[in-house]
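**Q** Encoded as structure tokens, here's the structure I'll be asking about.
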Amino acid sequence: MTNEPSNRRAFARTLGLGTLGAGALLLPDTALAGPPTVSNNINHVGPKEGYTPLIGTLISMLDWVSNTVTLYHSKLTVEQLDYLHDKDSNTIGGLMMHLAATEVIYQDITFDNRQDFSAANKAKWGVAMDLGEPARQQIKGNPLSYYKEAIDQVRAATKAEMKKRDDAWLLTGETKEWDWNNYCKWFHVTEHYANHRGQMTWYAKRMPK
């Protein structure tokens, strides 16, 4: 026990840390930082070609999490996508359409400065957005490809609009009604995919064999 402090100091010197304060270990070496690395690997979160750095990073997160939604459920049949766990639940297919609808409403909010869907998008996406009994009755009988195509088309529209914008736009956008900047709004879309992905997984694991 008497040698413990000495052993700790020796260990720190071995790592080359003996002369550094604890706080120094938490700071990146910004002097070595260069231009942001651009990668098109879906498993690399970070800047993407064609976007400013923060927007590209946001797109990388959106793409990764929405890909997990369809990839995890890629083997589900139409019947399984329509599975209702109980009378108050939503189907996996319905939740996938809800995710696409959520992305559309945030397109309208952030790209067009609206407070809600446009009239055309309300007619097209309102049922999926609100879920409940209307969605249980109307969103069914579709294979996974139907839902994936819907998400992909919505994402293509998001990407096209994001390419017109920059990081300064992403870090602004607060209004009296929305004290969130655009980054926060789109981060909410990202976590919405993750949130409902967990719900879908819960349903999938409780389906009858």
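In the structure tokens, the first chain shown is A, the next is B, and so on; residue numbers restart at 1 for each chain, and ligands run from 1 in the order shown.
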Could you name the residues that touch region 117-126 of chain A at 12 Å or less, counting only C-alpha atoms, but leaving out those on the same chain fewer than 4 positions away, as a count of residues only?

**A** 28

**Q** Using only C-alpha atoms, determine which residues lie at most 12 Å from region 201-204 of chain A, disregarding the query and same-chain residues fewer than 5 positions distant; provide the list as a compact mmCIF listing (two decimals) with N, CA and C atoms, in the first residue's frame.

**A**
# COMPACT_ATOMS: atom_id res chain seq x y z
N THR A 68 -31.58 2.46 -40.81
CA THR A 68 -31.79 1.40 -39.82
C THR A 68 -33.27 1.02 -39.72
N VAL A 69 -34.16 1.99 -39.96
CA VAL A 69 -35.60 1.72 -39.89
C VAL A 69 -35.99 0.67 -40.92
N THR A 70 -35.56 0.84 -42.17
CA THR A 70 -35.94 -0.10 -43.21
C THR A 70 -35.06 -1.35 -43.20
N LEU A 71 -33.79 -1.19 -42.85
CA LEU A 71 -32.89 -2.35 -42.85
C LEU A 71 -33.29 -3.36 -41.79
N TYR A 72 -33.60 -2.89 -40.60
CA TYR A 72 -33.94 -3.81 -39.51
C TYR A 72 -35.20 -4.59 -39.82
N HIS A 73 -36.12 -3.96 -40.55
CA HIS A 73 -37.41 -4.59 -40.83
C HIS A 73 -37.50 -5.12 -42.26
N SER A 74 -36.36 -5.36 -42.89
CA SER A 74 -36.32 -5.71 -44.30
C SER A 74 -36.95 -7.06 -44.61
N LYS A 75 -37.09 -7.93 -43.63
CA LYS A 75 -37.64 -9.27 -43.89
C LYS A 75 -39.10 -9.40 -43.47
N LEU A 76 -39.70 -8.32 -43.05
CA LEU A 76 -41.10 -8.40 -42.62
C LEU A 76 -42.04 -8.51 -43.82
N THR A 77 -43.03 -9.35 -43.68
CA THR A 77 -44.05 -9.52 -44.72
C THR A 77 -45.07 -8.39 -44.63
N GLU A 79 -48.19 -8.77 -44.04
CA GLU A 79 -48.99 -9.07 -42.86
C GLU A 79 -48.31 -8.59 -41.59
N GLN A 80 -47.00 -8.76 -41.51
CA GLN A 80 -46.26 -8.33 -40.32
C GLN A 80 -46.18 -6.80 -40.24
N LEU A 81 -46.02 -6.15 -41.38
CA LEU A 81 -46.01 -4.68 -41.39
C LEU A 81 -47.35 -4.11 -40.97
N ASP A 82 -48.41 -4.91 -41.15
CA ASP A 82 -49.77 -4.49 -40.76
C ASP A 82 -50.16 -4.98 -39.36
N TYR A 83 -49.25 -5.61 -38.66
CA TYR A 83 -49.55 -6.18 -37.35
C TYR A 83 -49.93 -5.09 -36.35
N LEU A 84 -51.03 -5.32 -35.64
CA LEU A 84 -51.46 -4.42 -34.57
C LEU A 84 -51.31 -5.13 -33.24
N HIS A 85 -50.50 -4.58 -32.38
CA HIS A 85 -50.27 -5.23 -31.09
C HIS A 85 -51.50 -5.17 -30.21
N ASP A 86 -52.23 -4.06 -30.24
CA ASP A 86 -53.50 -3.92 -29.53
C ASP A 86 -54.29 -2.81 -30.20
N SER A 89 -52.54 0.57 -30.64
CA SER A 89 -51.21 0.61 -31.26
C SER A 89 -51.29 1.11 -32.70
N ASN A 90 -50.13 1.36 -33.27
CA ASN A 90 -49.99 1.66 -34.69
C ASN A 90 -49.18 0.56 -35.34
N THR A 91 -49.40 0.35 -36.62
CA THR A 91 -48.64 -0.69 -37.32
C THR A 91 -47.24 -0.18 -37.62
N ILE A 92 -46.34 -1.10 -37.92
CA ILE A 92 -44.99 -0.71 -38.32
C ILE A 92 -45.04 0.07 -39.63
N GLY A 93 -45.87 -0.39 -40.57
CA GLY A 93 -46.02 0.35 -41.81
C GLY A 93 -46.55 1.76 -41.59
N LEU A 95 -46.19 3.56 -38.91
CA LEU A 95 -45.14 4.36 -38.28
C LEU A 95 -44.08 4.80 -39.29
N ALA A 194 -35.28 7.72 -34.72
CA ALA A 194 -34.72 6.79 -33.72
C ALA A 194 -35.78 6.38 -32.70
N ASN A 195 -36.60 7.31 -32.27
CA ASN A 195 -37.64 7.03 -31.30
C ASN A 195 -38.61 5.97 -31.82
N HIS A 196 -39.12 6.19 -33.03
CA HIS A 196 -40.10 5.25 -33.57
C HIS A 196 -39.45 3.96 -34.07
N LYS A 209 -45.47 -15.82 -33.68
CA LYS A 209 -44.52 -16.56 -34.52
C LYS A 209 -45.27 -17.24 -35.66

**Q** If I take CA of Trp186 (chain A) and CA of Arg136 (chain A), how far is one from the other in Å, to one decimal?

**A**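 Atom-to-atom, CA of Trp186 (chain A) to CA of Arg136 (chain A), that is 27.0 Å.
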
**Q** Quick check, in Å to one decimal: how far apart do CA of Asp166 (chain A) and CA of Asn181 (chain A) lie?

**A** 13.3 Å

**Q** Using only C-alpha atoms, which residue out of A:Lys176, A:Glu161, A:Val78, A:Lys185 lies closest to Pro143 (chain A)?

**A**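 Result for the nearest residue to Pro143 (chain A): A:Val78.
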